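Comments concern the structure below.
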Amino acid sequence: MSMKNVLAVALGIMSAIGGFVDIGDLVFNTQAGATFGFQLLWVVVVGVVGIIVYSEMCGRVSAVSGRPVFDLVRERAGFGSALATLIASEIVNLMTCAAEVGGVAICFQLLSGLPYRLLIPLAVLLLVVTSWVLPFRWLERLFGYLGLGLLVFAVAAIKLNPDWHQVAHGFVPGSHSGGSLMVYLYFVVGLLGAAMTPYEVYFYSSGAVEDRWGIKDLRLNNVTSIIGYALGGFLSFALMIVAAVLFLPRGIDPAFLGTPALAAQHTLGQVGLLLALVGILFAVGGAAVETSFAGAYNLAQFFGWRWGKKERPADAPRFTLAWLAIFALALLVVMTGYDPIKLTEYSVIFSVVALPLTYLPILLVANDRTYMGEHANGKLANVLGCFYFAVIVAISIAAIPLLLLTNGGQG
């Protein structure tokens with residue numbers, strides 16, 4: 001492998017670490033740990049393998065066909081199915097982007113002490129300016145590398161010295177304690193939804209086209225998707241372990257985005273607190289950028305507009321207006337004063353409902369030899385893809401009833 005590809009792999013891995021743990025993962029992993037201890041670690045494994053399976057498909061489709069997945073969905077699934085997928089994905093993208101923007105404003109508040117509502121427009125302005133000015137690769141580097149501050153939670157988890165036998169037991173599904181069965185199942189659905197949020201695969205696919213991947217980059221796609229998301233999952237483990245050790249015994253409900261950062265302060269002092277807040281800021285900020293671009297990518301690819309961050313705004317005006325509009329609408333949603341944590345929970349649960357519309361077309365396109373030729377799904381990819389699609393259908397049916405029955409995980 002050439003040095004250029006080695007650097008590209010490293011960048012992909014770093015970007016995945018910074019981008020995988022967004023506000024949904026922060027909220028659901030810490031709340032799951034604070035409620036059930038280590039008992040839901042196995043769900044993170046299931047979710048990480050699922051996002052690896054479908055991201056690998058998306059990257060492979062883009063590398064072989066030179067086209068992003070959503071572009072092929074319209075062609076393969078037809079106008080009606082593609083329109084339903086577009087509408088569902090745009091609603092989820094907007095809700096998720098609003099939650100991430102609120103998270104960025106909360107980080108600014110914790111770092112500066114200034115009023116939250118004053119910082120919301122500033123957060124959006126900085127995200128818009130950064131997205132406008134920086135080329136695609138530098139966006140990856142900025143949010144990916146600085147999101148590495150989240151590794152402080154891995155250090156905190158080790159320093160807290162949990163009962164590692166109990167931690168290992170959490171990777172095996174089984175009986176639960178500490179909450180009702182319905183709440184347990186609600187967190188199973190939420191953790192899977194947070195791991196497999198639709199914007200991740202759409203952004204990943206379009207990013208592969210932006211980076212001009214070809215068949216020669218299939219190995220790069222494998223390494224980036226497998227190792228990158230696995231390391232992102234490692235951070236999810238760390239968050240759940242920290243919450244289980246510190247919050248569960250004390251009866252602390254991490255209902256505020258800054259609460260996980262206090263765990264880093266508890267073990268590593270002020271430096272730990274600062275690293276945690278910076279890591280959260282850039283992971284959540286990167287997710288806000290990804291959701292806005294994922295929404296614009298989908299719109300442009302559905303309607304056949306010219307698109308891409310590599311294009312000058314004047315050359316792709318409708319694409320540019322689309323991601324700016326998503327940021328503007330997200331600003332309006334957050335300025336209503338609605339709690340970003342509650343918004344996060346709703347966005348994750350509603351994204352679960354939309355998951356079948358997202359992942360079935362990907363599975364169909366990855367199997368279509370018209371587009372993929374000899375690089376269509378093999379037996380292993382199809383077995384895993386079908387298994388995960390069955391899981392997705394099951395949790396999409398259960399999501400809303402569990403949300404209502406548990407009052408959003410409150411019991």
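Naming scheme: A, B, ... for chains in displayed order of the structure tokens; residues 1 onward per chain; ligands 1 onward as shown.
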Would you pick out the contacts of A:Met335 at 9 Å or less, using only C-alpha atoms, so that residues sharing its chain but fewer than 5 positions from it are not included, and give the list as JSON, numbers by chain? {"A": [102, 117, 120, 121, 330]}
Spatial neighbours of stretch 254-263 of chain A, max dist 9 Å, only C-alpha atoms, sep filter under 3 positions, as an MDAnalysis selection string: chainID A and resid 23 26:27 30:31 34 103 106:107 110 153 156 239 242:243 246:247 266:268 272:277 280 340:342
May I have the selected residues written with N, CA, C and O atoms, as a compact mmCIF listing (two decimals), in the first residue's frame?
```txt
# COMPACT_ATOMS: atom_id res chain seq x y z
N ILE A 23 -23.93 13.23 19.35
CA ILE A 23 -24.73 13.52 20.54
C ILE A 23 -25.66 12.35 20.89
O ILE A 23 -25.92 12.08 22.08
N LEU A 26 -23.50 9.86 22.77
CA LEU A 26 -23.19 10.42 24.08
C LEU A 26 -24.37 10.27 25.04
O LEU A 26 -24.22 9.85 26.18
N VAL A 27 -25.56 10.61 24.55
CA VAL A 27 -26.76 10.57 25.40
C VAL A 27 -27.12 9.13 25.76
O VAL A 27 -27.28 8.78 26.93
N THR A 30 -24.29 7.03 27.86
CA THR A 30 -24.14 7.43 29.26
C THR A 30 -25.41 7.11 30.06
O THR A 30 -25.32 6.65 31.20
N GLN A 31 -26.58 7.34 29.48
CA GLN A 31 -27.81 7.01 30.19
C GLN A 31 -27.97 5.51 30.39
O GLN A 31 -28.44 5.06 31.44
N ALA A 34 -25.65 4.57 33.21
CA ALA A 34 -26.15 5.08 34.48
C ALA A 34 -27.39 4.33 34.96
O ALA A 34 -27.73 4.37 36.14
N GLY A 103 -26.04 20.87 21.04
CA GLY A 103 -24.89 20.33 21.76
C GLY A 103 -23.67 21.20 21.65
O GLY A 103 -22.92 21.40 22.62
N ILE A 106 -24.13 24.13 23.94
CA ILE A 106 -23.92 23.74 25.34
C ILE A 106 -22.43 23.66 25.65
O ILE A 106 -21.98 24.12 26.71
N CYS A 107 -21.64 23.09 24.74
CA CYS A 107 -20.18 23.04 24.95
C CYS A 107 -19.59 24.43 25.05
O CYS A 107 -18.73 24.69 25.91
N LEU A 110 -20.39 25.79 28.49
CA LEU A 110 -19.56 25.20 29.54
C LEU A 110 -18.13 25.73 29.49
O LEU A 110 -17.47 25.86 30.53
N PHE A 153 -12.06 9.66 27.74
CA PHE A 153 -13.00 8.77 28.42
C PHE A 153 -12.45 7.35 28.51
O PHE A 153 -12.76 6.62 29.46
N ALA A 156 -10.14 7.52 31.39
CA ALA A 156 -10.94 7.59 32.62
C ALA A 156 -11.51 6.22 32.97
O ALA A 156 -11.50 5.82 34.15
N LEU A 239 -17.58 5.30 27.38
CA LEU A 239 -18.62 6.15 27.94
C LEU A 239 -19.57 5.37 28.84
O LEU A 239 -19.93 5.82 29.93
N VAL A 242 -17.70 4.30 32.14
CA VAL A 242 -17.54 5.45 33.05
C VAL A 242 -18.86 5.77 33.74
O VAL A 242 -18.90 6.01 34.96
N ALA A 243 -19.96 5.79 32.97
CA ALA A 243 -21.27 6.09 33.55
C ALA A 243 -21.68 5.01 34.55
O ALA A 243 -22.27 5.31 35.60
N LEU A 246 -19.38 5.58 37.82
CA LEU A 246 -19.53 6.84 38.56
C LEU A 246 -20.97 7.25 38.81
O LEU A 246 -21.30 7.72 39.90
N PHE A 247 -21.83 7.10 37.81
CA PHE A 247 -23.19 7.65 37.93
C PHE A 247 -24.18 6.67 38.55
O PHE A 247 -25.02 7.07 39.35
N HIS A 266 -13.32 14.05 37.23
CA HIS A 266 -13.21 13.26 38.47
C HIS A 266 -11.93 12.44 38.48
O HIS A 266 -11.30 12.27 39.54
N THR A 267 -11.53 11.92 37.34
CA THR A 267 -10.37 11.04 37.28
C THR A 267 -9.09 11.74 36.85
O THR A 267 -8.00 11.34 37.26
N LEU A 268 -9.20 12.80 36.06
CA LEU A 268 -8.01 13.43 35.47
C LEU A 268 -7.90 14.93 35.75
O LEU A 268 -7.02 15.60 35.20
N GLY A 272 -8.48 16.83 32.24
CA GLY A 272 -9.44 15.85 31.74
C GLY A 272 -10.75 16.50 31.34
O GLY A 272 -11.34 16.15 30.30
N LEU A 273 -11.21 17.46 32.16
CA LEU A 273 -12.45 18.17 31.84
C LEU A 273 -12.32 18.93 30.53
O LEU A 273 -13.21 18.87 29.67
N LEU A 274 -11.21 19.63 30.34
CA LEU A 274 -11.00 20.41 29.12
C LEU A 274 -10.93 19.50 27.90
O LEU A 274 -11.57 19.79 26.87
N LEU A 275 -10.18 18.41 27.99
CA LEU A 275 -10.08 17.48 26.87
C LEU A 275 -11.43 16.87 26.52
O LEU A 275 -11.78 16.73 25.35
N ALA A 276 -12.20 16.54 27.55
CA ALA A 276 -13.53 15.96 27.31
C ALA A 276 -14.44 16.95 26.61
O ALA A 276 -15.14 16.59 25.64
N LEU A 277 -14.44 18.20 27.07
CA LEU A 277 -15.32 19.21 26.45
C LEU A 277 -14.90 19.51 25.02
O LEU A 277 -15.75 19.68 24.14
N ILE A 280 -15.97 16.47 22.93
CA ILE A 280 -17.42 16.50 22.70
C ILE A 280 -17.77 17.60 21.70
O ILE A 280 -18.57 17.39 20.77
N PRO A 340 -32.05 20.10 24.03
CA PRO A 340 -31.33 19.32 23.02
C PRO A 340 -31.24 17.83 23.35
O PRO A 340 -31.20 16.99 22.44
N ILE A 341 -31.20 17.48 24.64
CA ILE A 341 -31.11 16.07 25.01
C ILE A 341 -32.40 15.35 24.64
O ILE A 341 -32.38 14.25 24.07
N LYS A 342 -33.56 15.96 24.96
CA LYS A 342 -34.84 15.36 24.57
C LYS A 342 -34.97 15.30 23.05
O LYS A 342 -35.46 14.32 22.50
```
Determine, counting only C-alpha atoms, which protein, DNA and RNA residues have an atom within 9 Å of an atom of stretch 55-66 of chain A; residues of the same chain fewer than 3 positions away are not included. Present the result as a PyMOL selection string. chain A and resi 50-52+69+200-202+204-209+212-218+221-222+224-226+362-363+365-366+371-373+375-377+381
Okay, now the selection with N, CA and C atoms, as an mmCIF file, in the first residue's frame?
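This went into part_8.cif:
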```cif
data_model
loop_
_atom_site.group_PDB
_atom_site.id
_atom_site.type_symbol
_atom_site.label_atom_id
_atom_site.label_comp_id
_atom_site.auth_asym_id
_atom_site.auth_seq_id
_atom_site.Cartn_x
_atom_site.Cartn_y
_atom_site.Cartn_z
ATOM 1 N N GLY A 50 -23.137 -3.613 12.653
ATOM 2 C CA GLY A 50 -24.146 -3.226 11.671
ATOM 3 C C GLY A 50 -23.725 -2.034 10.834
ATOM 4 N N ILE A 51 -23.186 -0.994 11.472
ATOM 5 C CA ILE A 51 -22.791 0.201 10.710
ATOM 6 C C ILE A 51 -21.566 -0.114 9.838
ATOM 7 N N ILE A 52 -20.700 -1.035 10.296
ATOM 8 C CA ILE A 52 -19.565 -1.462 9.475
ATOM 9 C C ILE A 52 -20.065 -2.169 8.217
ATOM 10 N N VAL A 69 -24.693 6.396 -3.110
ATOM 11 C CA VAL A 69 -25.790 5.449 -2.965
ATOM 12 C C VAL A 69 -27.144 6.081 -3.252
ATOM 13 N N GLU A 200 -25.015 8.796 8.611
ATOM 14 C CA GLU A 200 -23.641 8.302 8.567
ATOM 15 C C GLU A 200 -23.339 7.601 7.245
ATOM 16 N N VAL A 201 -24.248 6.739 6.780
ATOM 17 C CA VAL A 201 -23.974 6.004 5.543
ATOM 18 C C VAL A 201 -24.109 6.902 4.317
ATOM 19 N N TYR A 202 -25.064 7.840 4.339
ATOM 20 C CA TYR A 202 -25.201 8.749 3.197
ATOM 21 C C TYR A 202 -23.982 9.667 3.082
ATOM 22 N N TYR A 204 -20.979 9.039 4.293
ATOM 23 C CA TYR A 204 -19.829 8.202 3.963
ATOM 24 C C TYR A 204 -19.784 7.909 2.464
ATOM 25 N N SER A 205 -20.926 7.578 1.881
ATOM 26 C CA SER A 205 -21.006 7.266 0.454
ATOM 27 C C SER A 205 -20.659 8.481 -0.402
ATOM 28 N N SER A 206 -21.272 9.622 -0.065
ATOM 29 C CA SER A 206 -21.001 10.836 -0.837
ATOM 30 C C SER A 206 -19.568 11.307 -0.631
ATOM 31 N N GLY A 207 -19.048 11.114 0.583
ATOM 32 C CA GLY A 207 -17.656 11.481 0.848
ATOM 33 C C GLY A 207 -16.688 10.653 0.017
ATOM 34 N N ALA A 208 -17.022 9.390 -0.208
ATOM 35 C CA ALA A 208 -16.166 8.551 -1.046
ATOM 36 C C ALA A 208 -16.105 9.098 -2.471
ATOM 37 N N VAL A 209 -17.234 9.609 -2.971
ATOM 38 C CA VAL A 209 -17.245 10.222 -4.303
ATOM 39 C C VAL A 209 -16.467 11.531 -4.276
ATOM 40 N N ARG A 212 -13.018 10.922 -4.591
ATOM 41 C CA ARG A 212 -12.701 10.281 -5.877
ATOM 42 C C ARG A 212 -12.178 8.847 -5.697
ATOM 43 N N TRP A 213 -12.838 8.096 -4.844
ATOM 44 C CA TRP A 213 -12.476 6.689 -4.711
ATOM 45 C C TRP A 213 -12.804 5.936 -5.985
ATOM 46 N N GLY A 214 -11.955 4.941 -6.297
ATOM 47 C CA GLY A 214 -12.193 4.037 -7.412
ATOM 48 C C GLY A 214 -12.019 2.604 -6.944
ATOM 49 N N ILE A 215 -12.014 1.678 -7.895
ATOM 50 C CA ILE A 215 -11.872 0.261 -7.544
ATOM 51 C C ILE A 215 -10.575 0.008 -6.784
ATOM 52 N N LYS A 216 -9.540 0.779 -7.085
ATOM 53 C CA LYS A 216 -8.264 0.612 -6.388
ATOM 54 C C LYS A 216 -8.367 0.947 -4.901
ATOM 55 N N ASP A 217 -9.447 1.642 -4.511
ATOM 56 C CA ASP A 217 -9.612 2.056 -3.122
ATOM 57 C C ASP A 217 -10.523 1.130 -2.310
ATOM 58 N N LEU A 218 -10.862 -0.031 -2.874
ATOM 59 C CA LEU A 218 -11.745 -0.951 -2.147
ATOM 60 C C LEU A 218 -11.100 -1.437 -0.853
ATOM 61 N N ASN A 221 -11.405 1.271 1.619
ATOM 62 C CA ASN A 221 -12.773 1.299 2.137
ATOM 63 C C ASN A 221 -12.956 0.277 3.257
ATOM 64 N N ASN A 222 -12.423 -0.933 3.053
ATOM 65 C CA ASN A 222 -12.547 -1.975 4.076
ATOM 66 C C ASN A 222 -11.881 -1.560 5.380
ATOM 67 N N THR A 224 -10.969 1.476 6.409
ATOM 68 C CA THR A 224 -11.577 2.660 7.015
ATOM 69 C C THR A 224 -12.869 2.323 7.737
ATOM 70 N N SER A 225 -13.726 1.541 7.081
ATOM 71 C CA SER A 225 -15.022 1.238 7.688
ATOM 72 C C SER A 225 -14.878 0.293 8.874
ATOM 73 N N ILE A 226 -14.048 -0.738 8.751
ATOM 74 C CA ILE A 226 -13.940 -1.730 9.821
ATOM 75 C C ILE A 226 -13.191 -1.163 11.029
ATOM 76 N N ILE A 362 -29.941 0.224 0.000
ATOM 77 C CA ILE A 362 -28.494 0.002 -0.029
ATOM 78 C C ILE A 362 -28.195 -1.470 -0.292
ATOM 79 N N LEU A 363 -28.913 -2.356 0.395
ATOM 80 C CA LEU A 363 -28.722 -3.791 0.209
ATOM 81 C C LEU A 363 -29.048 -4.207 -1.226
ATOM 82 N N VAL A 365 -28.989 -2.260 -3.999
ATOM 83 C CA VAL A 365 -28.001 -1.709 -4.935
ATOM 84 C C VAL A 365 -26.695 -2.487 -4.857
ATOM 85 N N ALA A 366 -26.268 -2.831 -3.641
ATOM 86 C CA ALA A 366 -24.998 -3.557 -3.470
ATOM 87 C C ALA A 366 -25.059 -4.954 -4.080
ATOM 88 N N TYR A 371 -24.782 -2.417 -11.615
ATOM 89 C CA TYR A 371 -23.912 -1.352 -11.111
ATOM 90 C C TYR A 371 -22.585 -1.900 -10.593
ATOM 91 N N MET A 372 -22.633 -3.105 -9.997
ATOM 92 C CA MET A 372 -21.495 -3.573 -9.223
ATOM 93 C C MET A 372 -20.630 -4.606 -9.933
ATOM 94 N N GLY A 373 -21.183 -5.281 -10.961
ATOM 95 C CA GLY A 373 -20.396 -6.289 -11.660
ATOM 96 C C GLY A 373 -19.880 -7.346 -10.703
ATOM 97 N N HIS A 375 -18.076 -6.974 -8.241
ATOM 98 C CA HIS A 375 -17.914 -6.456 -6.873
ATOM 99 C C HIS A 375 -19.237 -6.388 -6.117
ATOM 100 N N ALA A 376 -20.269 -7.051 -6.636
ATOM 101 C CA ALA A 376 -21.537 -7.139 -5.906
ATOM 102 C C ALA A 376 -21.332 -7.934 -4.624
ATOM 103 N N ASN A 377 -22.291 -7.846 -3.713
ATOM 104 C CA ASN A 377 -22.197 -8.538 -2.428
ATOM 105 C C ASN A 377 -21.876 -10.022 -2.597
ATOM 106 N N ALA A 381 -21.417 -10.869 3.008
ATOM 107 C CA ALA A 381 -22.049 -9.546 3.034
ATOM 108 C C ALA A 381 -23.571 -9.675 2.997
#
```
DSSP on the backbone: which residues in stretch 203-292 of chain A end up as helix (DSSP H, G or I)? Give the answer as an MDAnalysis selection string. chainID A and resid 203:210 215:246 259:292
Selection: 9 Å around A:Phe389, only C-alpha atoms, excl. self and same-chain fewer than 6 positions, as a PyMOL selection string: chain A and resi 355-356+359-360+363
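Note that atom CA of A:Ala154 and atom CA of A:Phe237 are 8.3 Å apart.
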Quote the spacing between atom CA of A:Phe350 and atom CA of A:Gly409 in Å to one decimal place. 14.6 Å
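In terms of minimum interatomic distance to A:Ala157, A:Ala244 ranks closest within A:Leu380, A:Val284, A:Ala322, A:Ala244, counting only C-alpha atoms.
Residue nearest A:Trp305 within the list A:Ala99, A:Gly233, A:Ile395, A:Asp71: A:Asp71 [criterion: smallest interatomic distance, only C-alpha atoms].
Using only C-alpha atoms, the shortest contact distance between A:Phe234 and any of A:Ala399, A:Val155, A:Leu134, A:Val104 is found at A:Val155.
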